[in-house]
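Have a look at work_26.cif; it's mmCIF, C-alpha atoms:
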```cif
data_final
loop_
_atom_site.label_atom_id
_atom_site.label_comp_id
_atom_site.auth_asym_id
_atom_site.auth_seq_id
_atom_site.Cartn_x
_atom_site.Cartn_y
_atom_site.Cartn_z
CA MET A 1 78.42 95.72 142.28
CA LYS A 2 75.21 96.64 140.59
CA ALA A 3 72.38 98.97 141.51
CA LYS A 4 69.18 97.71 139.93
CA ILE A 5 66.62 100.46 139.71
CA ILE A 6 62.98 99.60 139.19
CA ILE A 7 60.71 102.48 138.23
CA THR A 8 56.94 102.05 138.24
CA PRO A 9 54.02 104.41 137.65
CA LYS A 10 52.50 105.78 140.85
CA LYS A 11 49.27 104.06 141.83
CA ALA A 12 47.17 107.18 141.23
CA VAL A 13 48.60 107.67 137.74
CA LEU A 14 46.88 106.24 134.71
CA ASP A 15 48.90 103.31 133.32
CA PRO A 16 47.50 102.63 129.86
CA GLN A 17 50.39 100.33 128.98
CA GLY A 18 49.76 98.18 132.04
CA GLN A 19 46.06 98.09 131.18
CA ALA A 20 46.82 97.04 127.58
CA VAL A 21 49.11 94.26 128.83
CA LEU A 22 46.42 93.08 131.26
CA ASN A 23 43.83 93.07 128.47
CA ALA A 24 46.17 91.07 126.23
CA LEU A 25 46.88 88.54 128.98
CA GLU A 26 43.15 88.05 129.52
CA HIS A 27 42.70 87.73 125.77
CA MET A 28 45.34 84.98 125.76
CA GLY A 29 43.47 83.12 128.45
CA TYR A 30 45.68 83.97 131.44
CA GLU A 31 42.86 84.82 133.78
CA GLY A 32 44.65 84.73 137.12
CA VAL A 33 46.26 88.15 136.67
CA ARG A 34 44.59 90.95 138.62
CA ALA A 35 46.61 93.96 137.42
CA ALA A 36 49.64 94.77 135.29
CA HIS A 37 51.99 97.74 135.59
CA VAL A 38 54.59 98.70 133.02
CA GLY A 39 57.61 100.60 134.25
CA ARG A 40 61.29 100.97 133.48
CA TYR A 41 64.38 99.12 134.60
CA LEU A 42 67.92 100.44 134.83
CA GLU A 43 71.19 98.88 135.91
CA LEU A 44 74.02 101.04 137.19
CA GLU A 45 77.39 99.32 137.54
CA ILE A 46 79.54 100.64 140.36
CA ASN A 47 82.92 99.74 141.81
CA GLU A 48 81.97 99.69 145.45
CA LYS A 49 78.82 100.39 147.43
CA THR A 50 79.71 103.09 149.89
CA ASP A 51 77.36 105.41 151.77
CA THR A 52 78.37 108.19 149.39
CA VAL A 53 77.64 106.15 146.25
CA SER A 54 74.41 104.84 147.71
CA GLY A 55 73.31 108.38 148.57
CA GLN A 56 74.26 109.66 145.13
CA ILE A 57 72.28 106.97 143.37
CA GLN A 58 69.26 107.66 145.52
CA GLU A 59 69.57 111.37 144.76
CA ALA A 60 69.91 110.64 141.02
CA CYS A 61 66.75 108.54 141.18
CA GLU A 62 64.83 111.42 142.70
CA ARG A 63 66.27 114.19 140.51
CA PHE A 64 66.66 112.47 137.16
CA LEU A 65 66.15 108.74 136.73
CA SER A 66 62.53 108.86 137.91
CA ASN A 67 60.01 111.67 137.86
CA PRO A 68 58.53 111.83 141.37
CA VAL A 69 55.37 113.47 140.02
CA ILE A 70 54.36 110.28 138.23
CA GLU A 71 56.73 107.50 139.26
CA ASP A 72 57.96 105.52 142.25
CA TYR A 73 61.35 103.81 142.33
CA ARG A 74 63.17 101.23 144.35
CA ILE A 75 66.81 100.19 144.35
CA GLU A 76 68.04 96.62 144.65
CA TRP A 77 71.73 95.89 145.11
CA GLU A 78 73.45 92.94 143.50
CA THR A 79 76.97 91.74 144.07
CA THR A 80 78.57 90.76 140.79
CA ALA A 81 81.70 88.76 140.08
CA GLU A 82 84.57 91.08 139.15
CA ALA A 83 85.27 91.08 135.43
CA MET B 1 39.12 136.27 113.60
CA SER B 2 38.81 139.25 111.28
CA GLN B 3 41.63 140.85 109.35
CA SER B 4 40.94 144.26 110.87
CA SER B 5 41.28 143.09 114.47
CA ASN B 6 44.59 141.47 113.50
CA SER B 7 46.09 144.65 112.13
CA ASN B 8 44.87 146.72 115.08
CA VAL B 9 46.72 144.53 117.53
CA GLU B 10 49.87 144.53 115.39
CA SER B 11 50.01 148.27 114.79
CA ALA B 12 49.89 149.03 118.51
CA CYS B 13 52.67 146.59 119.42
CA GLN B 14 56.44 146.67 119.55
CA ARG B 15 58.51 144.50 117.26
CA LEU B 16 59.66 141.61 119.46
CA GLN B 17 62.56 139.27 119.12
CA PHE B 18 61.70 135.69 120.05
CA GLY B 19 64.37 133.14 120.86
CA VAL B 20 63.64 129.58 119.75
CA VAL B 21 65.65 126.97 121.62
CA ARG B 22 67.07 124.23 119.41
CA PHE B 23 67.86 120.81 120.85
CA PRO B 24 69.09 117.78 118.94
CA GLY B 25 65.75 116.34 117.84
CA SER B 26 63.69 119.56 117.87
CA ASN B 27 61.39 119.59 114.85
CA SER B 28 59.02 122.52 115.36
CA ASP B 29 61.78 125.09 115.67
CA GLN B 30 61.47 126.23 112.05
CA ASP B 31 57.69 126.37 112.36
CA CYS B 32 58.05 128.68 115.35
CA ILE B 33 60.45 130.98 113.50
CA HIS B 34 58.14 131.03 110.48
CA ALA B 35 55.04 131.78 112.57
CA VAL B 36 56.72 134.66 114.39
CA GLU B 37 58.20 136.15 111.20
CA SER B 38 54.93 135.81 109.31
CA MET B 39 53.39 138.00 111.99
CA GLY B 40 55.99 140.70 111.43
CA HIS B 41 58.25 139.96 114.39
CA GLU B 42 61.78 138.64 114.67
CA ALA B 43 62.96 135.25 115.79
CA ARG B 44 66.31 133.58 116.12
CA TYR B 45 67.56 130.17 117.11
CA ILE B 46 69.26 129.56 120.45
CA TRP B 47 71.49 126.49 120.42
CA HIS B 48 71.01 124.10 123.34
CA LYS B 49 74.66 124.47 124.36
CA ASP B 50 74.41 128.25 124.61
CA THR B 51 74.50 129.68 128.09
CA ASP B 52 73.28 133.12 127.06
CA LEU B 53 69.92 133.90 125.48
CA GLY B 54 71.33 136.93 123.66
CA GLY B 55 68.86 139.48 124.94
CA VAL B 56 65.70 138.06 123.34
CA ASP B 57 62.32 139.37 124.51
CA ALA B 58 60.58 136.01 124.86
CA VAL B 59 61.62 132.36 124.67
CA LEU B 60 59.90 129.52 122.81
CA VAL B 61 60.81 125.93 123.64
CA PRO B 62 59.62 124.10 120.53
CA GLY B 63 58.23 120.65 119.87
CA GLY B 64 60.08 117.60 118.66
CA PHE B 65 61.82 114.64 120.23
CA SER B 66 64.75 116.23 122.01
CA TYR B 67 67.50 113.68 122.72
CA GLY B 68 65.21 111.02 121.26
CA ASP B 69 62.94 111.33 124.29
CA TYR B 70 65.35 108.91 125.99
CA LEU B 71 64.52 108.01 129.61
CA ARG B 72 61.40 110.27 129.58
CA ALA B 73 60.29 112.98 127.18
CA GLY B 74 62.19 116.14 128.14
CA ALA B 75 64.23 114.49 130.91
CA ILE B 76 67.60 114.90 129.19
CA ALA B 77 66.85 118.17 127.41
CA ARG B 78 66.16 119.95 130.65
CA LEU B 79 69.79 119.31 131.67
CA SER B 80 71.11 121.20 128.61
CA PRO B 81 73.20 124.29 129.39
CA VAL B 82 70.59 126.53 127.74
CA MET B 83 67.92 125.46 130.21
CA HIS B 84 69.83 127.06 133.07
CA ALA B 85 69.66 130.35 131.16
CA VAL B 86 65.96 129.78 130.40
CA ALA B 87 65.27 129.18 134.11
CA GLN B 88 67.10 132.40 135.03
CA PHE B 89 65.17 134.29 132.33
CA ALA B 90 61.91 132.92 133.75
CA GLU B 91 62.97 133.72 137.30
CA ALA B 92 63.49 137.34 136.22
CA GLY B 93 59.93 137.41 134.86
CA GLY B 94 60.69 136.74 131.18
CA LEU B 95 57.98 135.12 129.06
CA VAL B 96 58.67 131.46 128.21
CA MET B 97 56.33 129.18 126.27
CA GLY B 98 56.89 125.47 125.74
CA ILE B 99 55.03 123.75 122.95
CA CYS B 100 54.52 119.96 122.89
CA ASN B 101 58.00 118.55 123.68
CA GLY B 102 58.78 122.04 124.99
CA PHE B 103 55.92 121.66 127.47
CA GLN B 104 57.33 118.28 128.55
CA ILE B 105 60.78 119.84 128.99
CA LEU B 106 59.44 122.73 131.12
CA CYS B 107 57.56 120.25 133.34
CA GLU B 108 60.67 118.08 133.71
CA ALA B 109 62.66 121.22 134.55
CA GLY B 110 60.21 122.05 137.32
CA LEU B 111 59.28 125.38 135.67
CA LEU B 112 55.71 124.11 135.28
CA PRO B 113 53.69 121.83 137.56
CA GLY B 114 52.68 118.29 136.63
CA ALA B 115 53.95 115.83 134.03
CA LEU B 116 53.01 114.43 130.63
CA ILE B 117 52.55 110.70 130.27
CA ARG B 118 51.65 108.27 127.48
CA ASN B 119 48.34 108.97 125.75
CA ARG B 120 45.56 106.88 127.25
CA SER B 121 44.88 105.39 123.79
CA LEU B 122 48.58 104.44 123.49
CA GLN B 123 48.32 105.96 119.99
CA PHE B 124 50.28 108.85 118.55
CA ARG B 125 47.56 111.42 117.80
CA SER B 126 47.99 113.91 114.95
CA GLU B 127 44.85 115.93 114.30
CA PHE B 128 43.12 119.27 114.78
CA VAL B 129 41.55 119.81 118.21
CA HIS B 130 39.60 122.62 119.82
CA LEU B 131 41.10 124.43 122.79
CA LYS B 132 38.90 126.33 125.16
CA VAL B 133 40.46 129.34 126.86
CA MET B 134 39.93 128.98 130.62
CA HIS B 135 41.69 132.11 131.86
CA ASP B 136 41.99 135.15 129.61
CA GLN B 137 44.10 137.33 131.93
CA SER B 138 47.36 135.52 131.27
CA PRO B 139 50.21 136.83 129.05
CA PHE B 140 49.47 133.86 126.78
CA THR B 141 45.71 134.31 126.45
CA GLN B 142 45.03 138.01 126.84
CA CYS B 143 44.03 138.45 123.18
CA THR B 144 41.25 135.91 123.75
CA GLN B 145 38.37 135.68 126.19
CA ASP B 146 37.26 133.01 128.63
CA GLY B 147 35.49 130.43 126.50
CA THR B 148 37.17 131.40 123.20
CA LEU B 149 37.71 128.30 121.08
CA LEU B 150 40.97 127.88 119.18
CA ARG B 151 41.29 125.30 116.43
CA ILE B 152 44.88 124.09 116.64
CA PRO B 153 46.61 120.80 115.73
CA ILE B 154 48.23 118.31 118.07
CA ALA B 155 50.92 115.74 117.24
CA HIS B 156 52.05 113.70 120.22
CA GLY B 157 52.22 110.29 121.83
CA GLU B 158 52.88 111.46 125.38
CA GLY B 159 50.53 114.34 125.99
CA CYS B 160 48.34 113.05 128.80
CA TYR B 161 48.67 115.73 131.46
CA TYR B 162 48.85 114.57 135.06
CA ALA B 163 49.13 116.36 138.38
CA ASP B 164 47.93 115.13 141.76
CA GLU B 165 44.71 116.48 143.25
CA LYS B 166 46.42 118.86 145.64
CA THR B 167 48.45 120.40 142.81
CA LEU B 168 45.36 120.65 140.61
CA ALA B 169 43.46 122.43 143.36
CA GLU B 170 46.31 124.92 143.78
CA MET B 171 46.46 125.47 140.04
CA GLU B 172 42.73 126.08 139.90
CA GLU B 173 43.00 128.51 142.80
CA ASN B 174 45.87 130.40 141.13
CA ARG B 175 44.21 130.31 137.70
CA GLN B 176 47.08 128.35 136.16
CA ILE B 177 44.94 126.21 133.87
CA LEU B 178 44.90 128.16 130.61
CA TRP B 179 43.49 125.83 127.95
CA LYS B 180 41.35 122.68 127.96
CA TYR B 181 40.38 120.30 125.17
CA ALA B 182 36.76 120.83 124.14
CA THR B 183 34.29 119.92 121.44
CA SER B 184 33.72 122.31 118.52
CA SER B 185 30.85 123.76 120.53
CA GLY B 186 33.01 124.30 123.59
CA ASP B 187 31.86 121.41 125.77
CA LEU B 188 34.41 119.60 127.93
CA GLU B 189 33.62 116.03 126.94
CA GLU B 190 35.66 112.87 127.15
CA HIS B 191 35.55 112.24 123.39
CA ALA B 192 37.11 115.66 122.72
CA ASN B 193 40.06 114.87 124.99
CA PRO B 194 42.65 113.32 122.63
CA ASN B 195 45.03 111.91 125.20
CA GLY B 196 43.24 111.33 128.50
CA SER B 197 44.60 114.44 130.23
CA VAL B 198 43.27 114.96 133.75
CA GLN B 199 40.42 117.54 133.71
CA HIS B 200 40.91 117.83 129.88
CA ILE B 201 43.95 120.05 130.50
CA ALA B 202 45.81 121.06 127.33
CA GLY B 203 48.01 123.84 128.70
CA VAL B 204 49.01 125.47 131.97
CA CYS B 205 51.12 128.30 133.32
CA SER B 206 53.43 128.77 136.28
CA ARG B 207 52.25 130.23 139.55
CA GLU B 208 53.80 133.57 138.57
CA GLY B 209 52.11 133.33 135.17
CA ASN B 210 55.09 134.10 132.96
CA VAL B 211 55.89 130.50 131.94
CA ALA B 212 53.35 128.49 130.00
CA GLY B 213 53.22 125.14 128.22
CA LEU B 214 50.73 123.41 125.98
CA MET B 215 50.65 120.20 123.96
CA PRO B 216 48.89 121.63 120.84
CA HIS B 217 50.94 123.54 118.26
CA PRO B 218 49.82 127.17 117.87
CA GLU B 219 52.80 127.80 115.54
CA ARG B 220 51.26 125.30 113.11
CA ALA B 221 47.99 127.23 113.03
CA CYS B 222 49.13 130.73 112.12
CA GLN B 223 47.98 130.95 108.49
CA GLN B 224 44.63 130.11 106.94
CA ILE B 225 46.40 128.34 104.08
CA ILE B 226 47.39 125.56 106.51
CA GLY B 227 43.91 125.20 107.98
CA SER B 228 43.69 127.74 110.81
CA ASP B 229 45.21 130.98 112.02
CA ASP B 230 43.82 130.72 115.54
CA GLY B 231 47.33 130.04 116.85
CA GLN B 232 48.20 133.67 116.11
CA LEU B 233 46.09 134.67 119.11
CA VAL B 234 48.54 132.93 121.43
CA PHE B 235 51.53 134.76 119.92
CA LYS B 236 49.61 138.04 119.80
CA SER B 237 48.85 137.71 123.49
CA ILE B 238 52.57 137.37 124.24
CA ILE B 239 53.37 140.34 121.98
CA GLN B 240 50.64 142.51 123.47
CA HIS B 241 51.60 141.63 127.03
CA PHE B 242 55.25 142.41 126.36
CA THR B 243 54.33 145.74 124.79
CA GLN B 244 52.15 146.69 127.73
CA THR B 245 54.79 145.81 130.30
CA HIS B 246 57.91 147.28 128.63
#
```
Starting from the file, give its structure as structure tokens.
Amino acid sequence: MKAKIIITPKKAVLDPQGQAVLNALEHMGYEGVRAAHVGRYLELEINEKTDTVSGQIQEACERFLSNPVIEDYRIEWETTAEA
Amino acid sequence: MSQSSNSNVESACQRLQFGVVRFPGSNSDQDCIHAVESMGHEARYIWHKDTDLGGVDAVLVPGGFSYGDYLRAGAIARLSPVMHAVAQFAEAGGLVMGICNGFQILCEAGLLPGALIRNRSLQFRSEFVHLKVMHDQSPFTQCTQDGTLLRIPIAHGEGCYYADEKTLAEMEENRQILWKYATSSGDLEEHANPNGSVQHIAGVCSREGNVAGLMPHPERACQQIIGSDDGQLVFKSIIQHFTQTH
């Protein structure tokens, strides 16, 4: 089982990287893109998704993996084949 | 800053011992020690694994790239054992100043409001800037006056200060904004803001006032031979405040 954590800058926060990517895309001729946001992606591998594990990962996102002052996060779960 | 005013402040003050926290990746720790010693005070390193600050009078959290800035600048460093001791020291009213990466660490630790994000220019900026003192009644600014300009260098890639509007309003109300980036004539203009910080903020303090952080490096501006000694005023403020309160 995998917890995929996607961290993005909050809407109100300046995102110069996203802006630079958007500018580059426009420069390359990709004109259909309205906005770009650059964030961070983490994968946490776990043995089993229980309420406890799920709660712990959510807590870790709030206390450590993201900074709630500047970032939002969301967690997506993926079932993986056992190694 | 005249030589005579320097010696007056020094002669009336106690000899302090500063503790300089050392993380893997700190790089301004030696500069801090040198600045403090060159002003006639004592300084010693505090290893990041230490859980005791050894009775120092004030704590400096220096600049650098602690833990490689992995995840976010300061995010890992603030989990170091020493930071628990620093938080307790601050809770008890001790003076703590974070410089550059130290500022990022104190924000990540929740000892200071807000956060530091990537410079708006996306460039690492290393240059002299002018800081305007916004509140001269703080332990970190009391040897200056409102409007005093300090010429001090910066060296950072993630120094764009951010806090939401509600937090900024509270900080303004509590006089927590200590320094802003300004032009050499003291104007708060966009072109004098090297990183895009909200409201040109360069440094702030905690609600209680005894913890401060700033992106510029006062310890690298403590001797004329390296371009400026304006940074001494920040250290002198700490020293004077400590002397007055102990």
Pull the closest atom pair for each residue of chain B that gets at most 10 Å from chain A, along with the distance in Å to one decimal, counting all atoms listed in the file, ordering rows by chain and then ascending residue number, as CSV.
```
residue,atom,partner,partner_atom,distance
B:Leu71,CA,A:Leu65,CA,7.3
B:Arg72,CA,A:Asn67,CA,8.5
B:Ala75,CA,A:Phe64,CA,7.0
B:Ile76,CA,A:Phe64,CA,8.4
B:Arg78,CA,A:Phe64,CA,9.9
B:Leu79,CA,A:Phe64,CA,9.3
B:Cys107,CA,A:Val69,CA,9.8
B:Glu108,CA,A:Asn67,CA,7.7
B:Ala109,CA,A:Arg63,CA,9.9
B:Pro113,CA,A:Val69,CA,8.9
B:Gly114,CA,A:Val69,CA,6.5
B:Ala115,CA,A:Val69,CA,6.6
B:Leu116,CA,A:Ile70,CA,8.8
B:Ile117,CA,A:Ile70,CA,8.2
B:Arg118,CA,A:Pro16,CA,7.4
B:Asn119,CA,A:Pro16,CA,7.6
B:Arg120,CA,A:Pro16,CA,5.4
B:Ser121,CA,A:Pro16,CA,7.2
B:Leu122,CA,A:Pro16,CA,6.7
B:Cys160,CA,A:Leu14,CA,9.1
B:Tyr162,CA,A:Val13,CA,7.4
B:Ala163,CA,A:Val69,CA,7.1
B:Asp164,CA,A:Val69,CA,7.8
B:Glu165,CA,A:Ala12,CA,9.8
B:Gly196,CA,A:Leu14,CA,8.8
B:Ser197,CA,A:Leu14,CA,9.6
B:Val198,CA,A:Leu14,CA,9.5
```
Writing out the chosen residues with C-alpha atoms as a tab-separated table (two decimals), in the frame of the given file:
```tsv
chain	number	residue	atom	x	y	z
B	71	LEU	CA	64.52	108.01	129.61
B	72	ARG	CA	61.40	110.27	129.58
B	75	ALA	CA	64.23	114.49	130.91
B	76	ILE	CA	67.60	114.90	129.19
B	78	ARG	CA	66.16	119.95	130.65
B	79	LEU	CA	69.79	119.31	131.67
B	107	CYS	CA	57.56	120.25	133.34
B	108	GLU	CA	60.67	118.08	133.71
B	109	ALA	CA	62.66	121.22	134.55
B	113	PRO	CA	53.69	121.83	137.56
B	114	GLY	CA	52.68	118.29	136.63
B	115	ALA	CA	53.95	115.83	134.03
B	116	LEU	CA	53.01	114.43	130.63
B	117	ILE	CA	52.55	110.70	130.27
B	118	ARG	CA	51.65	108.27	127.48
B	119	ASN	CA	48.34	108.97	125.75
B	120	ARG	CA	45.56	106.88	127.25
B	121	SER	CA	44.88	105.39	123.79
B	122	LEU	CA	48.58	104.44	123.49
B	160	CYS	CA	48.34	113.05	128.80
B	162	TYR	CA	48.85	114.57	135.06
B	163	ALA	CA	49.13	116.36	138.38
B	164	ASP	CA	47.93	115.13	141.76
B	165	GLU	CA	44.71	116.48	143.25
B	196	GLY	CA	43.24	111.33	128.50
B	197	SER	CA	44.60	114.44	130.23
B	198	VAL	CA	43.27	114.96	133.75
```
Worksheet item: Mind pulling up the distance from CA of Leu131 (chain B) to CA of Phe242 (chain B)?
Response: 23.2 Å
Discussion item. Between A:Thr52, A:Glu45, A:Thr80, A:Ala60, which residue has the minimum interatomic distance to Lys4 (chain A), considering all atoms listed in the file?
Written reply: A:Glu45
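In this structure, CA of Trp47 (chain B) sits 18.8 Å away from CA of Ala73 (chain B).
Counting from CA of Leu233 (chain B), the distance to CA of Thr144 (chain B) is 6.8 Å.
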